[in-house]
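One file, entry02.cif, is given below (mmCIF, C-alpha atoms).
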```cif
data_upload
loop_
_atom_site.label_atom_id
_atom_site.label_comp_id
_atom_site.auth_asym_id
_atom_site.auth_seq_id
_atom_site.Cartn_x
_atom_site.Cartn_y
_atom_site.Cartn_z
CA MET A 1 -30.38 1.28 -16.94
CA PRO A 2 -28.29 0.82 -13.76
CA LYS A 3 -29.99 2.22 -10.67
CA LEU A 4 -27.94 5.11 -9.29
CA ILE A 5 -29.42 7.57 -6.80
CA VAL A 6 -27.74 10.98 -6.84
CA ASN A 7 -27.75 13.30 -3.85
CA GLU A 8 -25.99 16.59 -4.40
CA THR A 9 -24.95 19.01 -1.66
CA GLU A 10 -22.82 22.15 -1.79
CA ALA A 11 -19.68 20.22 -1.01
CA GLN A 12 -20.08 16.82 -2.61
CA LEU A 13 -21.94 14.39 -4.76
CA THR A 14 -23.20 11.20 -3.15
CA VAL A 15 -24.12 8.43 -5.54
CA THR A 16 -25.86 5.41 -4.07
CA VAL A 17 -25.54 2.27 -6.17
CA GLU A 18 -28.85 0.43 -5.99
CA GLU A 19 -27.59 -2.61 -7.88
CA SER A 20 -26.63 -5.82 -6.12
CA ARG A 21 -24.16 -6.82 -8.84
CA ILE A 22 -21.71 -4.83 -10.96
CA ASP A 23 -20.84 -7.50 -13.48
CA ALA A 24 -20.33 -7.97 -17.22
CA ALA A 25 -24.08 -7.77 -17.82
CA ILE A 26 -24.16 -4.17 -16.62
CA ALA A 27 -20.57 -2.84 -16.53
CA THR A 28 -20.62 -0.74 -19.70
CA ARG A 29 -23.93 0.97 -18.93
CA PHE A 30 -22.86 1.45 -15.30
CA LYS A 31 -19.63 3.10 -16.44
CA ASP A 32 -21.36 5.41 -18.94
CA ARG A 33 -24.06 6.46 -16.49
CA LEU A 34 -21.72 7.06 -13.56
CA ARG A 35 -19.22 8.93 -15.71
CA GLU A 36 -21.97 11.23 -16.93
CA ILE A 37 -23.05 11.92 -13.32
CA VAL A 38 -19.58 12.67 -11.95
CA LEU A 39 -18.56 14.81 -14.91
CA ARG A 40 -21.69 16.91 -14.62
CA GLY A 41 -21.17 17.38 -10.87
CA ARG A 42 -17.49 18.43 -10.86
CA LYS A 43 -17.36 17.88 -7.09
CA PRO A 44 -15.80 15.33 -4.77
CA VAL A 45 -17.72 12.08 -5.14
CA ARG A 46 -18.77 9.60 -2.51
CA LEU A 47 -20.01 6.33 -3.94
CA ASP A 48 -22.21 4.38 -1.56
CA MET A 49 -21.51 0.73 -2.36
CA ARG A 50 -23.37 -0.85 0.57
CA ARG A 51 -25.94 -2.60 -1.63
CA VAL A 52 -23.40 -4.15 -3.99
CA ASP A 53 -22.62 -7.69 -2.97
CA PHE A 54 -20.81 -8.84 -6.10
CA MET A 55 -18.36 -7.22 -8.51
CA ASP A 56 -16.12 -8.83 -11.14
CA SER A 57 -13.18 -7.45 -13.14
CA SER A 58 -15.48 -5.82 -15.69
CA GLY A 59 -17.06 -3.90 -12.81
CA LEU A 60 -13.60 -2.99 -11.56
CA GLY A 61 -12.71 -1.76 -15.06
CA ALA A 62 -15.80 0.46 -15.00
CA MET A 63 -14.73 1.96 -11.65
CA ILE A 64 -11.24 2.65 -12.98
CA ALA A 65 -12.64 4.29 -16.11
CA VAL A 66 -14.76 6.61 -13.94
CA ARG A 67 -11.78 7.44 -11.72
CA LYS A 68 -9.79 8.31 -14.85
CA ALA A 69 -12.57 10.52 -16.16
CA LEU A 70 -12.48 12.67 -13.00
CA PRO A 71 -9.77 15.30 -12.59
CA GLU A 72 -7.11 13.88 -10.30
CA ALA A 73 -7.68 16.58 -7.68
CA LEU A 74 -11.30 15.50 -7.15
CA PRO A 75 -11.63 12.65 -4.65
CA LEU A 76 -13.69 9.56 -5.44
CA VAL A 77 -14.42 7.75 -2.18
CA LEU A 78 -15.83 4.24 -2.30
CA ASP A 79 -17.89 3.85 0.83
CA GLY A 80 -19.41 0.76 2.40
CA LEU A 81 -17.58 -1.91 0.41
CA THR A 82 -18.89 -5.39 1.15
CA PRO A 83 -16.30 -8.19 1.51
CA ASN A 84 -16.83 -9.54 -2.05
CA VAL A 85 -16.24 -6.12 -3.54
CA GLU A 86 -13.33 -5.24 -1.26
CA ARG A 87 -11.64 -8.51 -2.28
CA VAL A 88 -11.47 -7.51 -5.95
CA PHE A 89 -9.82 -4.18 -5.11
CA ARG A 90 -7.36 -5.87 -2.73
CA LEU A 91 -6.35 -8.73 -5.04
CA THR A 92 -5.69 -6.37 -7.94
CA ARG A 93 -3.97 -3.78 -5.69
CA MET A 94 -6.50 -1.20 -6.83
CA ASP A 95 -7.11 -0.53 -3.13
CA SER A 96 -3.99 1.66 -3.39
CA VAL A 97 -5.56 3.78 -6.12
CA PHE A 98 -9.02 4.39 -4.65
CA GLU A 99 -9.96 5.74 -1.26
CA ILE A 100 -11.82 2.79 0.17
CA ARG A 101 -13.99 2.46 3.25
CA PRO A 102 -15.18 -1.05 3.99
CA ALA A 103 -18.73 -1.54 5.23
CA ASN A 104 -17.69 -2.01 8.86
CA THR A 105 -15.78 1.29 9.13
CA PRO A 106 -17.65 3.64 11.46
CA GLN A 107 -18.97 6.74 9.79
CA GLU A 108 -17.59 10.07 10.90
CA MET B 1 -33.49 -58.71 -4.64
CA SER B 2 -34.53 -55.42 -3.07
CA SER B 3 -32.49 -52.30 -3.61
CA SER B 4 -31.17 -52.31 -0.05
CA GLU B 5 -30.07 -55.94 -0.40
CA ARG B 6 -28.30 -55.05 -3.63
CA GLN B 7 -26.48 -52.18 -1.91
CA ASN B 8 -25.42 -54.44 0.90
CA ALA B 9 -24.36 -57.27 -1.37
CA GLY B 10 -20.78 -58.55 -1.18
CA SER B 11 -18.78 -59.85 1.72
CA ILE B 12 -17.43 -56.50 2.93
CA PRO B 13 -20.02 -53.83 3.69
CA ARG B 14 -19.18 -50.69 1.76
CA PRO B 15 -18.95 -47.44 3.72
CA ILE B 16 -21.83 -45.16 2.90
CA ALA B 17 -20.60 -42.56 0.46
CA ARG B 18 -21.01 -39.05 1.79
CA THR B 19 -23.25 -37.02 -0.45
CA GLN B 20 -21.99 -33.52 -1.21
CA SER B 21 -23.65 -30.61 -2.94
CA MET B 22 -23.04 -30.25 -6.64
CA PHE B 23 -24.20 -27.89 -9.36
CA HIS B 24 -24.50 -28.48 -13.08
CA ARG B 25 -25.77 -26.05 -15.69
CA VAL B 26 -25.77 -25.77 -19.46
CA LEU B 27 -26.02 -22.13 -20.48
CA ARG B 28 -25.64 -19.92 -23.50
CA ALA B 29 -22.45 -17.88 -23.55
CA ASN B 30 -23.75 -14.41 -22.67
CA PRO B 31 -23.43 -12.20 -19.56
CA PHE B 32 -27.11 -12.51 -18.61
CA GLU B 33 -27.11 -16.29 -18.47
CA VAL B 34 -23.76 -16.17 -16.63
CA ARG B 35 -25.33 -13.87 -14.03
CA GLN B 36 -28.32 -16.18 -13.57
CA ALA B 37 -26.12 -19.27 -13.27
CA LEU B 38 -24.02 -17.55 -10.59
CA ARG B 39 -27.14 -16.52 -8.65
CA ASP B 40 -28.39 -20.10 -8.70
CA LEU B 41 -24.95 -21.40 -7.78
CA ARG B 42 -24.87 -19.12 -4.77
CA ALA B 43 -28.29 -20.34 -3.66
CA ARG B 44 -27.01 -23.93 -3.89
CA PHE B 45 -23.70 -23.59 -2.06
CA ALA B 46 -24.11 -20.62 0.29
CA PRO B 47 -25.72 -22.71 3.05
CA ALA B 48 -22.80 -25.17 2.97
CA VAL B 49 -19.63 -23.06 2.58
CA SER B 50 -18.20 -19.94 4.22
CA ALA B 51 -19.08 -16.54 2.82
CA ASP B 52 -15.40 -16.08 1.98
CA ALA B 53 -15.13 -19.31 -0.06
CA MET B 54 -18.46 -18.56 -1.72
CA GLY B 55 -17.23 -15.11 -2.73
CA ARG B 56 -13.98 -16.49 -4.17
CA LEU B 57 -15.84 -19.23 -6.07
CA GLU B 58 -18.30 -16.77 -7.55
CA LEU B 59 -15.57 -14.35 -8.60
CA VAL B 60 -13.46 -17.02 -10.32
CA LEU B 61 -16.43 -18.48 -12.17
CA ALA B 62 -17.58 -15.03 -13.26
CA GLU B 63 -14.13 -14.33 -14.70
CA VAL B 64 -13.93 -17.67 -16.51
CA MET B 65 -17.45 -17.56 -17.91
CA ASN B 66 -17.19 -13.88 -18.89
CA ASN B 67 -14.09 -14.77 -20.88
CA VAL B 68 -16.00 -17.53 -22.63
CA SER B 69 -18.91 -15.16 -23.41
CA GLU B 70 -16.58 -12.47 -24.63
CA HIS B 71 -14.58 -14.70 -26.91
CA ALA B 72 -17.26 -17.16 -27.94
CA GLY B 73 -17.33 -17.26 -31.71
CA ASP B 74 -14.19 -15.12 -32.16
CA LEU B 75 -12.39 -17.67 -34.25
CA CYS B 76 -15.31 -19.31 -36.02
CA ALA B 77 -17.47 -16.43 -37.17
CA GLN B 78 -18.95 -18.61 -39.90
CA LYS B 79 -20.44 -20.85 -37.22
CA PRO B 80 -23.15 -18.66 -35.72
CA ALA B 81 -24.18 -18.23 -32.09
CA PRO B 82 -25.66 -19.35 -29.75
CA ARG B 83 -22.65 -21.02 -28.20
CA ALA B 84 -23.14 -23.03 -25.10
CA MET B 85 -20.99 -23.72 -22.09
CA HIS B 86 -21.29 -26.33 -19.38
CA LEU B 87 -20.54 -25.54 -15.77
CA CYS B 88 -20.05 -28.21 -13.14
CA VAL B 89 -19.07 -27.58 -9.50
CA VAL B 90 -18.62 -30.34 -6.95
CA MET B 91 -17.84 -29.88 -3.28
CA ASN B 92 -15.11 -32.03 -1.79
CA ASP B 93 -13.12 -32.08 1.45
CA ALA B 94 -10.57 -29.45 0.39
CA GLY B 95 -12.65 -27.11 -1.69
CA LEU B 96 -14.93 -26.70 -4.66
CA SER B 97 -13.84 -28.45 -7.84
CA CYS B 98 -15.01 -26.76 -11.01
CA ALA B 99 -15.08 -27.66 -14.69
CA ILE B 100 -16.16 -25.35 -17.49
CA THR B 101 -16.36 -26.55 -21.07
CA ASP B 102 -17.36 -24.59 -24.16
CA ASP B 103 -17.37 -24.88 -27.93
CA GLY B 104 -15.55 -21.60 -28.63
CA GLY B 105 -12.14 -21.07 -30.19
CA THR B 106 -8.95 -22.45 -28.61
CA LEU B 107 -7.76 -20.67 -25.49
CA PRO B 108 -4.53 -18.72 -26.18
CA ALA B 109 -1.68 -20.49 -24.37
CA ASP B 110 -0.48 -17.37 -22.58
CA CYS B 111 -3.69 -17.16 -20.52
CA LEU B 112 -2.37 -20.00 -18.39
CA LEU B 113 1.22 -18.82 -18.08
CA PRO B 114 2.14 -17.25 -14.74
CA ARG B 115 1.38 -13.58 -15.12
CA ASN B 116 1.74 -10.30 -13.29
CA LEU B 117 -0.93 -7.77 -12.57
CA PRO B 118 -1.08 -5.06 -15.20
CA ALA B 119 1.41 -2.27 -14.42
CA LEU B 120 -0.08 0.26 -12.01
CA ASP B 121 0.75 3.50 -13.78
CA PRO B 122 -1.07 6.18 -11.76
CA LEU B 123 -1.25 8.44 -14.82
CA ASP B 124 -2.74 5.77 -17.05
CA LEU B 125 -4.46 3.14 -14.95
CA PRO B 126 -5.21 -0.17 -16.65
CA GLU B 127 -8.94 -0.80 -17.13
CA GLY B 128 -8.60 -4.46 -17.95
CA GLY B 129 -6.21 -7.40 -17.89
CA PHE B 130 -7.21 -8.51 -14.39
CA GLY B 131 -9.33 -11.54 -15.23
CA TRP B 132 -6.66 -14.21 -15.67
CA CYS B 133 -4.66 -12.82 -12.73
CA LEU B 134 -7.70 -13.30 -10.51
CA ILE B 135 -8.36 -16.77 -11.91
CA GLN B 136 -4.76 -17.87 -11.37
CA GLY B 137 -4.56 -16.24 -7.94
CA LEU B 138 -7.75 -17.75 -6.55
CA THR B 139 -7.48 -21.32 -7.86
CA GLN B 140 -5.39 -24.43 -7.36
CA SER B 141 -4.68 -27.23 -9.85
CA LEU B 142 -5.69 -25.06 -12.80
CA CYS B 143 -5.58 -27.10 -15.99
CA TYR B 144 -6.77 -26.71 -19.56
CA TYR B 145 -7.14 -29.07 -22.47
CA ARG B 146 -8.74 -29.02 -25.88
CA GLU B 147 -10.86 -31.98 -26.86
CA ASP B 148 -12.17 -32.06 -30.43
CA GLN B 149 -14.06 -28.78 -30.75
CA ARG B 150 -14.30 -28.10 -27.05
CA ASN B 151 -12.30 -26.18 -24.44
CA CYS B 152 -12.11 -27.76 -21.00
CA LEU B 153 -10.90 -25.78 -18.01
CA ALA B 154 -10.75 -27.31 -14.54
CA PHE B 155 -9.56 -26.08 -11.15
CA THR B 156 -10.26 -26.08 -7.43
CA VAL B 157 -11.23 -23.14 -5.25
CA PRO B 158 -9.82 -24.14 -1.84
CA PHE B 159 -11.78 -23.67 1.39
CA ASN B 160 -8.62 -22.38 3.08
CA PRO B 161 -6.85 -20.06 0.69
CA GLY B 162 -3.71 -19.66 2.84
CA GLN B 163 -1.29 -17.65 0.75
CA PHE B 164 -4.05 -16.50 -1.58
CA SER B 165 -5.55 -13.94 0.77
CA GLY B 166 -3.20 -11.05 -0.03
CA PRO B 167 -2.68 -9.20 -3.29
CA ILE B 168 -1.75 -11.42 -6.22
CA SER B 169 2.05 -11.40 -6.44
CA GLY B 170 3.23 -9.18 -9.23
#
```
Would you mind writing the file out in structure tokens?
Amino acid sequence: MPKLIVNETEAQLTVTVEESRIDAAIATRFKDRLREIVLRGRKPVRLDMRRVDFMDSSGLGAMIAVRKALPEALPLVLDGLTPNVERVFRLTRMDSVFEIRPANTPQE
Amino acid sequence: MSSSERQNAGSIPRPIARTQSMFHRVLRANPFEVRQALRDLRARFAPAVSADAMGRLELVLAEVMNNVSEHAGDLCAQKPAPRAMHLCVVMNDAGLSCAITDDGGTLPADCLLPRNLPALDPLDLPEGGFGWCLIQGLTQSLCYYREDQRNCLAFTVPFNPGQFSGPISG
């Protein structure tokens, strides 16, 4: 089972991804697990991606499926993207669909 | 004749060939062996190439090998798994030259045709169809041929991507 740590506050759901790779070996289970978490929460979601140092297009597909499962009004922020992960979003133009904060962006 | 005499034989001394890192692996076509091969590949090349080139190499190979895993056996269901693929990566002056061969069904011709990213419909986002766009966008000299029962795909991941750093043209 993919390691996802959930931290829920009044205002939002923070999900920390404790996997170093979101690849074809894990993408389907990752998608199912994360979708279950965000649908149960019904709150804005912040996904902490700091630990993920590799993602392929099956991982990207999982992210898109989760975004589609959330009502459009609920934000899904991808926080702490490492360069390898940010590259996949940029090359596929999916950086225009998600709210993305690369790892070097200072926290507010 | 000693081995050093043999190397130095001939009237013109040969320049010493530069040795470069290479990686070769025979693996079964499934996502878990692909993951392990990529981890080992990273351990081999990461000390010698930039983090950016390493990331592009790993992404391209993941896409290619995932495709092989996904489609291995599609066309020859009567010939059971396991299907194997061979991965070979050699470092040269301009980049990392890669060859992947497998014994799966023939690659559909349209995989190699220039292609656009899937349409970005905000109301119905595409969840797939990115793999070959990434492969085409991140490689140079991409070529494919079929030899007997094997697929052979070869390409180079350049050290300096130049025009490849932005979004893949659509």
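Going from CA of Met85 in chain B to CA of Gly131 in chain B covers 18.2 Å.
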Quiz item: the PyMOL selection byres ((chain A) within 10 of (chain B)) on the file shown: which residues, as a VMD selection string?
Solution: chain A and resid 21 23 to 26 53 to 68 72 83 to 85 87 to 97
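As for CA of Arg42 in chain A and CA of Glu86 in chain A, they are spaced 25.9 Å apart.
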Could you name the residues that touch Arg35 in chain A at 8 Å or less, counting all atoms listed in the file, but leaving out those on the same chain fewer than 3 positions away, as a compact mmCIF listing (two decimals) with C-alpha atoms, keeping the file's coordinate frame?
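Output file result_2.txt follows:
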```
# COMPACT_ATOMS: atom_id res chain seq x y z
CA LYS A 31 -19.63 3.10 -16.44
CA ASP A 32 -21.36 5.41 -18.94
CA VAL A 38 -19.58 12.67 -11.95
CA LEU A 39 -18.56 14.81 -14.91
CA VAL A 66 -14.76 6.61 -13.94
CA ALA A 69 -12.57 10.52 -16.16
```
Quiz item: So which one's closest to Ile100 in chain A, A:Glu36, A:Glu18, A:Asp48, A:Glu10? Using only C-alpha atoms, please.
Solution: A:Asp48
Quiz prompt | Expansion of the PyMOL selection byres ((chain A and resi 78) around 6) into residues, as a PyMOL selection string | solution = chain A and resi 47+77+79+100
Practice problem: Take the PyMOL selection byres ((chain B and resi 146-161) around 9), apply it to the structure above, and return the hits as a PyMOL selection string. | Solution: chain B and resi 49-50+52-54+56-57+60+64+93-107+138-145+162-165
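Here CA of Ala103 in chain A is placed at a distance of 16.2 Å from CA of Leu76 in chain A.
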